[in-house]
Structure formats: C-alpha cells, structure tokens
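**Q** A single structure is presented below for examination.
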Protein chains: 2
Amino acid sequence: MSDKGKQVAVGIDLGGTAVKIGLVDASYEVLAQTSIPTNGERPYEQVIADMGNTAAALLEENGYTVADCLGAGVGSPGIIDSENGIVLYSNNIQWDHVPLADVLKKYLPVPVFVQNDANCATLGEVLKGAGKGYQNAVFLTLGTGVGGGIVLDGKIFEGGHSGGAELGHIKCGSERRRCTCGRYDCLEAYASATALIDDAKKMAEQHPDSMLWELCGNDLDAMNAKMPFDAAEAGDSCGKTLVENYIGYLADGITDLANIFRPDIIVIGGGVCAQGEKLTNPLNQYLRENCFGNAVTYIPQVVIAENGNHAGLIGAAGLVYQHSSELSG
Amino acid sequence: MSDKGKQVAVGIDLGGTAVKIGLVDASYEVLAQTSIPTNGERPYEQVIADMGNTAAALLEENGYTVADCLGAGVGSPGIIDSENGIVLYSNNIQWDHVPLADVLKKYLPVPVFVQNDANCATLGEVLKGAGKGYQNAVFLTLGTGVGGGIVLDGKIFEGGHSGGAELGHIKCGSERRRCTCGRYDCLEAYASATALIDDAKKMAEQHPDSMLWELCGNDLDAMNAKMPFDAAEAGDSCGKTLVENYIGYLADGITDLANIFRPDIIVIGGGVCAQGEKLTNPLNQYLRENCFGNAVTYIPQVVIAENGNHAGLIGAAGLVYQHSSELSG
C-alpha cells in the first residue's frame with residue numbers, strides 16, 4: 001500500500017471520441033483525472049493497451065501502486081456481457097465481441113468490471129449526485145441518442161439478459177420515425193438531442209420567418225438543441241411548438257418508466273438538461289397528472305443529473321467498490 | 001399437524017364477481033378449491049369474513065387444521081401495499097385503504113400475504129406453468145384491462161413504490177384513446193379484450209358488409225374478442241385489419257418490455273389468448289425483427305399462460321411458500 005495509506009479505484013469512461021480515466025476514492029470523489037483520444041478505428045488491442053497504460057501511469061503519478069488499486073471499472077457504449085467483461089456489440093466504436101476485461105488486465109493487472117456507459121452514469125448519480133441516498137432510480141440521458149439506466153435496491157439492473165435496460169428504445173410517437181436500432185418510433189427518435197435538432201431544422205425550413213433562422217445564423221447545420229428553447233423563451237411560435245412537442249414525448253417516456261418501476265427518483269442528464277427547470281417543471285406536472293394511480297401512490301420527482309462529465313467515471317469506479325464490499329461483506 | 005402429515009397454503013383470488021379459494025401444496029398442485037360470490041358492494045369486513053370463514057371450512061373439510069396451514073396469500077385487484085397487506089385502492093371492488101391482511105387474520109389466524117392479482121398470476125406461471133423454471137419473466141393478461149406482472153430472480157417485482165409494474169399503462173397508440181387510468185393512449189386502451197371488442201364494433205358500423213355482423217348475430221352488443229379472429233380466418237378484410245392492428249399494438253408493448261427487462265420469457269394470458277399461435281407466431285416474429293440488438297442478444301419467446309383460472313390461486317399460495325422458505329432458509 002502507498003504512503004497515502006488508502007486504496008483507490010480506477011474509473012474509465014470509454015467514449016467514441018475520448019477515453020476518460022480517473023482515480024476515485026471510496027467517497028466517490030475524483031482524485032485525479034486524465035483523458036486520451038479513443039481513435040477507435042485502430043485494432044481494439046491498441047485502444048485497450050492505451051487505456052490500461054494510461055491508467056497505470058495515472059496511479060503512479062499520484063503515488064499509488066497497482067496493489068493500492070482495488071480494481072478498474074469501465075463504462076462502455078453498446079451491449080455488454082457484464083458477467084464476462086465483453087463488449088458484445090457497439091455501434092459507436094464498431095466493436096464486436098471484444099473481451100475488454102481480459103485484455104485490460106494485461107496492462108492493468110487488477111480486477112476489471114465492464115458495464116454499459118449509461119448504466120454506469122446511473123450508478124454514479126445514485127452514489128454521488130442527484131440520486132444520492134436513493135435505492136431505486138431511473139436515469140435517462142438525452143444526447144446523440146437516449147441512453148437509460150436503472151438502479152434497483154442500490155444496484156444496476158441490466159435485465160435478465162444483455163440488451164435490457166434499453167430505455168431509449170420504448171415506443172413513443174407515431175410518425176414512423178426510423179430509430180437507430182432499426183425499429184420505428186422509439187423514444188430515442190423523438191427525445192434525443194439529435195431528434196430535437198432535426199425537428200428544429202424541419203420547422204425552420206417550413207417557417208422562413210421563425211427566429212430559429214436568426215439563432216442559427218441562417219445556417220441550419222449550426223442548429224443545436226438550445227436554440228428551440230431560446231426561441232420559445234423569446235416568444236417565437238415555432239420554438240414554442242418544438243419545446244412543447246419535445247417535452248410531451250419525453251413526458252410520455254418518463255411516465256411509462258414511472259408506471260413500470262415506480263422509482264424513488266427519475267434523473268435526466270445530457271446536453272438538453274442544461275435547460276433545467278424549463279424541462280423538469282412541465283415534466284413533473286405531467287407526471288403528477290398522468291402517473292397510474294396518481295391520487296394514491298408515490299409520484300417520483302424528475303431531477304437533473306449532477307455529475308456531468310464525471311458521471312461515467314464515478315459509476316464505473318462504483319462497480320469496483322460495490323464488488324469489493326460484496327466480497328468483504 | 002393433521003394425519004395427512006403435510007402442510008398446505010391457502011391461495012385466494014379476489015375478483016370483482018367471485019372469490020376463488022384453494023388449498024395448494026408445496027408442489028403448487030391445487031388440492032381442493034371452492035368459490036364464493038364477492039358481493040363487493042357490502043362493507044369490506046363482510047367480504048373478508050366470508051373469505052376467511054370459507055377458507056377455514058375448506059381446510060377442515062380436507063382434513064387440515066389451522067396449524068397445518070403455513071399461511072394464506074391473497075391476490076387482489078388494484079394498488080396494493082404488500083408490506084402491510086393493505087388494498088390502497090381498487091376501482092374494481094371499490095376498496096380504499098382496506099387492511100385486508102389484518103382483517104383476514106381475525107377469521108383465519110395464519111400469516112397473510114397480499115399482492116396485486118396480476119402479480120400473483122405472474123408468479124403462478126413461473127412456479128407452475130408456462131414460465132416454470134425461469135427466473136425472469138414478464139406476464140401480460142389481456143382481459144377487461146391489461147394487467148401485468150414481472151418476476152425477477154424468481155420473485156415478484158413490484159417497483160420501488162406501490163403503483164409500479166403497471167405494464168398495461170405504458171404508451172402505445174396515438175389516437176388519443178382515453179385509458180381507464182385517466183391517461184391517453186395506454187397499452188390497455190389498445191390491447192385489452194375490451195379495446196378489441198370496441199374496435200370490432202366500430203369497424204362493423206363502418207362496414208355493413210363485413211362478416212362481423214353475421215358472427216355477432218347482427219347484434220353489436222354480442223361482439224366478443226374471438227369474432228375478429230374468426231372473421232380474419234374466414235378471409236373477411238375487416239377481421240384481418242382488426243387482428244393485424246391488435247397484434248401490432250400488442251407487439252409494440254411486448255417489445256418495449258423486452259427492451260427494458262430482457263426476461264427469459266414473456267407469458268400472455270387472458271381470454272384473447274385462446275387464439276394461441278395466431279397470436280404468438282406474429283408476436284415472436286415481430287420481436288425477432290424489432291428487439292434492440294436483435295442480431296447479438298437473447299430474444300425472449302412469447303408463450304401462452306398455462307394455469308388458466310388457477311393462476312391467481314397458485315401465485316397467491318406461492319407468496320406463502322416463498323415467505324416460509326425465506327424464514328427457514
């Protein structure tokens with residue numbers, strides 16, 4: 001054990017662009033952090049070697065030996081076989097049956113745990129964030145896609161088999177929008193930032209007088225998920241319609257999840273959530289009015305995620321601490 | 001202990017019309033069964049007194065003493081506080097915060113467990129039925145409404161708070177159909193037998209030449225959920241459209257549940273399920289084509305429930321056996 005006299009876990013957030021690597025203590029504080037480019041087009045062995053070597057160097061730079069390291073958790077996009085630490089399939093980094101845990105151990109010889117990245121972010125928010133102290137939480141991340149995670153009795157719920165807890169892939173609208181998963185009309189096709197931006201572009205094309213044009217500098221390719229909210233705030237009718245529809249889709253998905261899981265809390269994260277109460281106020285109102293048995297049952301609050309870019313790291317490290325407490329408990 | 005030298009559990013299925021009461025052994029065989037009218041308009045104390053006295057008499061008639069009885073499980077419609085054995089709210093029997101367990105114990109002095117009736121039916125199918133041997137199952141019952149139940153790791157999952165596992169109350173269509181729960185467009189408003197019958201009546205009204213008229217004897221009030229399937233089988237285009245739409249709605253709901261829970265198996269029950277493979281074949285095909293990650297993940301089979309009218313009884317008794325094995329294990 002190092003002279004710091006305490007142990008750490010490595011948390012790794014594997015993204016399409018960058019790999020974030022952090023040292024996380026037992027209170028889920030991030031003690032040190034670094035980031036390297038993913039360069040996911042390389043053979044996976046190289047990507048994982050960089051990941052492991054960088055984590056080992058980060059430990060050393062901060063005065064920890066490998067023996068001080070309880071283990072490493074990795075949050076990966078895609079469908080994960082968490083029992084065997086295998087990335088079964090990731091569209092994001094084009095991995096197919098990659099034995100991530102086994103390869104990483106070659107470069108960082110500690111116990112390795114692999115989970116879906118949205119599941120890690122969910123766990124992170126429960127361990128230290130907007131869901132702290134709650135045992136049952138549902139998390140939705142509204143970004144390029146819609147990711148989801150479920151924590152039941154304090155632990156990640158993945159479903160009975162790989163491919164569960166895919167909360168972005170429940171039925172939402174009825175416009176026959178093709179989802180990235182191949183099915184039509186998933187929540188992701190309506191409530192992702194990508195979907196909101198696409199809707200805003202279409203709306204602008206149909207309404208040459210909309211303020212959306214001014215906000216995007218007359219360049220539809222510059223449209224982002226904030227602009228519809230800004231337009232709505234300024235009284236633009238196109239902006240108002242976009243925001244109302246978007247919140248309606250999201251409210252429907254969240255109400256489904258409340259009726260299924262009836263969790264303590266529902267946490268939403270991702271870029272769109274910078275809108276804060278402009279999202280949570282109408283979502284909470286919809287839930288209060290539409291949850292099953294709303295007159296006699298507990299209605300979970302919708303709150304904004306707090307861990308931001310750290311959520312994946314913290315949750316990945318949380319896998320390590322949960323596992324080691326199980327072994328010692 | 002009686003001279004039969006073994007113990008039994010009482011399983012009670014509280015319905016709007018009748019209360020079914022059975023003696024169930026540890027292999028989940030129903031040893032004896034009786035039924036009494038609910039007469040739910042009476043004060044709840046009377047309903048529960050009848051229930052308890054009838055169960056006590058059934059035990060005695062079959063050579064069991066109260067001491068031979070491990071406990072009683074009750075499956076009740078509505079929103080249940082299972083921890084305290086209270087029926088929080090049941091639209092079906094107009095109960096509001098009824099302390100079912102405490103009152104029943106006055107007439108049948110054994111441990112009493114109360115659960116939602118659909119949850120009991122789900123457990124029944126896992127203990128002895130179409131889901132036997134599986135640890136993770138989702139159950140949908142297609143009747144007057146759409147009930148649902150979830151078994152995870154062999155146990156009923158109710159959600160974090162009362163009002164969870166309401167699988168009939170997830171978003172489905174987009175016709176602004178008002179659901180019994182107050183929300184619009186729930187699965188129940190499209191995939192219940194009631195919804196199918198309503199759709200068939202409307203379809204017949206619009207198509208005076210449809211075979212549906214002949215099947216219902218020119219009396220729309222005589223329409224049932226079998227007639228659209230019979231019409232479709234005979235080549236009637238209205239029947240075909242009704243069945244196709246109905247299966248489409250159901251397939252969407254089932255795919256949502258597969259993407260969320262990725263269970264071992266999905267069991268469907270209720271009157272509509274007499275259609276057997278006419279339902280399960282297209283549902284399974286839809287799942288294979290539309291489940292998230294269908295190329296690399298486990299796709300649960302959809303199968304028809306096997307316990308029929310016994311499902312609630314068996315599951316309710318299962319609550320008793322699960323609890324007593326926990327106490328002794």
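A note on labels: chains of the structure tokens are A, B, ... as shown, every chain counts residues from 1, and ligands are counted from 1 in their shown order.
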For stretch 187-195 of chain B, list every protein, DNA or RNA residue within 7 Å, evaluated using only C-alpha atoms, and leave out those in the same chain fewer than 4 positions away; present the list as a PDB file with C-alpha atoms, in the first residue's frame.

**A**
ATOM      1  CA  LEU B 142     -55.319  -9.386 -21.890  1.00  0.00           C
ATOM      2  CA  GLY B 143     -58.809  -9.118 -20.492  1.00  0.00           C
ATOM      3  CA  THR B 144     -61.148  -6.337 -19.479  1.00  0.00           C
ATOM      4  CA  GLY B 145     -57.938  -4.386 -18.950  1.00  0.00           C
ATOM      5  CA  VAL B 146     -54.295  -5.199 -19.495  1.00  0.00           C
ATOM      6  CA  GLY B 168     -50.854  -2.034 -19.148  1.00  0.00           C
ATOM      7  CA  HIS B 169     -50.168   1.632 -18.601  1.00  0.00           C
ATOM      8  CA  ILE B 170     -47.320   2.322 -20.966  1.00  0.00           C
ATOM      9  CA  LYS B 171     -47.795   4.438 -24.058  1.00  0.00           C
ATOM     10  CA  CYS B 172     -48.960   2.581 -27.140  1.00  0.00           C
ATOM     11  CA  ARG B 177     -57.841   6.995 -26.625  1.00  0.00           C
ATOM     12  CA  ARG B 178     -58.647   7.737 -23.020  1.00  0.00           C
ATOM     13  CA  CYS B 179     -57.439   4.955 -20.754  1.00  0.00           C
ATOM     14  CA  ASP B 199     -62.660  -1.630 -32.367  1.00  0.00           C
ATOM     15  CA  ALA B 225     -62.878 -10.797 -28.791  1.00  0.00           C
ATOM     16  CA  TYR B 246     -54.403  -5.568 -32.485  1.00  0.00           C
ATOM     17  CA  TYR B 249     -50.254  -2.780 -30.677  1.00  0.00           C
ATOM     18  CA  LEU B 250     -49.525  -5.800 -28.547  1.00  0.00           C
ATOM     19  CA  GLY B 253     -45.897  -3.156 -25.938  1.00  0.00           C
ATOM     20  CA  VAL B 272     -57.789 -13.338 -26.043  1.00  0.00           C
TER      21      VAL B 272
END

**Q** List as a Markdown table every residue of stretch 136-227 of chain A that is in contact with stretch 104-121 of chain A, defined as an atom at most 6 Å from one of its atoms (using only C-alpha atoms), together with the nearest atom pair and the distance in Å rounded to one decimal, sorted by chain and then rising number.

**A**
| residue | atom | partner | partner_atom | distance |
| --- | --- | --- | --- | --- |
| A:Gly147 | CA | A:Ala118 | CA | 5.6 |
| A:Gly148 | CA | A:Ala118 | CA | 5.6 |
| A:Gly149 | CA | A:Asn119 | CA | 4.5 |

**Q** Using only C-alpha atoms, I'd like every residue of chain A that has an atom within 8 Å of chain B; please write them out as a ChimeraX atom specification.

**A** /A:79,88-89,136,152,158-167,169-174,181-183,252-253,255-264,290-293,296-298

**Q** Atom CA of B:Gly85 to atom CA of B:Ala9: how many Å, to one decimal?

**A**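 These two atoms are separated by 16.9 Å.
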
**Q** Could you tell me which of B:Ile48, B:Cys69, B:Leu327, B:Val243 comes closest to B:Leu14 if we count only C-alpha atoms?

**A** B:Ile48

**Q** Apply DSSP to the structure's backbone, then extract all residues of stretch 86-308 of chain A labelled strand (DSSP E or B) and return them as a ChimeraX atom specification.

**A** /A:86-90,95-98,112-116,137-142,146-152,155-156,171,178,184,186,265-269,301-304

**Q** Write down as a count of residues only the residues of stretch 225-282 of chain A whose backbone DSSP state falls under alpha helix (DSSP H).

**A** 39

**Q** Provide the atom CA of A:Thr34 to atom CA of A:Gly22 distance in Å, to one decimal place.

**A**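 About the pair atom CA of A:Thr34 and atom CA of A:Gly22: they are 6.3 Å apart.
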
**Q** Could you list, as a PyMOL selection string, every residue within 7 Å of A:Ile304, counting only C-alpha atoms and ignoring same-chain residues fewer than 3 positions away?

**A** chain A and resi 130+267-269+273+276

**Q** Hey, what's within 9 Å of stretch 209-224 of chain B if we count only C-alpha atoms and toss same-chain stuff fewer than 4 positions away? As a list of chain:residue names, please?

**A**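 Near neighbours after the sequence-gap exclusion: B:Ala193, B:Thr194, B:Leu196, B:Ile197, B:Asp198, B:Ala200, B:Lys201, B:Met203, B:Ala204, B:Glu205, B:Pro228, B:Asp230, B:Ala231, B:Ala234, B:Asp236, B:Ser237, B:Cys238, B:Gly239.
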
**Q** Quick one: write out the picked residues with C-alpha atoms as a PDB file, in the first residue's frame?

**A**
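Contents of the output file result-v5.pdb:
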ATOM      1  CA  ALA B 193     -60.097  -7.525 -24.965  1.00  0.00           C
ATOM      2  CA  THR B 194     -62.366  -4.544 -24.282  1.00  0.00           C
ATOM      3  CA  LEU B 196     -60.522  -5.150 -29.421  1.00  0.00           C
ATOM      4  CA  ILE B 197     -64.279  -5.524 -28.992  1.00  0.00           C
ATOM      5  CA  ASP B 198     -64.783  -1.744 -29.224  1.00  0.00           C
ATOM      6  CA  ALA B 200     -64.646  -4.506 -33.855  1.00  0.00           C
ATOM      7  CA  LYS B 201     -67.943  -2.728 -33.181  1.00  0.00           C
ATOM      8  CA  MET B 203     -65.335  -1.479 -37.780  1.00  0.00           C
ATOM      9  CA  ALA B 204     -68.664  -3.280 -38.238  1.00  0.00           C
ATOM     10  CA  GLU B 205     -70.550   0.017 -38.117  1.00  0.00           C
ATOM     11  CA  PRO B 228     -62.460 -10.569 -35.224  1.00  0.00           C
ATOM     12  CA  ASP B 230     -62.836 -15.815 -36.726  1.00  0.00           C
ATOM     13  CA  ALA B 231     -63.658 -13.218 -39.367  1.00  0.00           C
ATOM     14  CA  ALA B 234     -62.574 -16.739 -42.922  1.00  0.00           C
ATOM     15  CA  ASP B 236     -63.011 -11.049 -44.053  1.00  0.00           C
ATOM     16  CA  SER B 237     -60.946  -7.926 -44.703  1.00  0.00           C
ATOM     17  CA  CYS B 238     -62.352  -6.102 -41.665  1.00  0.00           C
ATOM     18  CA  GLY B 239     -61.396  -9.021 -39.467  1.00  0.00           C
TER      19      GLY B 239
END

**Q** Can you pull out every residue within 6 Å of B:Ile266, counting only C-alpha atoms, but drop anything in the same chain fewer than 2 positions away, and send it as a ChimeraX atom specification?

**A** /B:137-139,302

**Q** Find the residue from A:Val151, A:Val74, A:Met51, A:Ile86 that sits nearest to A:Thr122; use only C-alpha atoms when measuring.

**A**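 Result for the nearest residue to A:Thr122: A:Val151.
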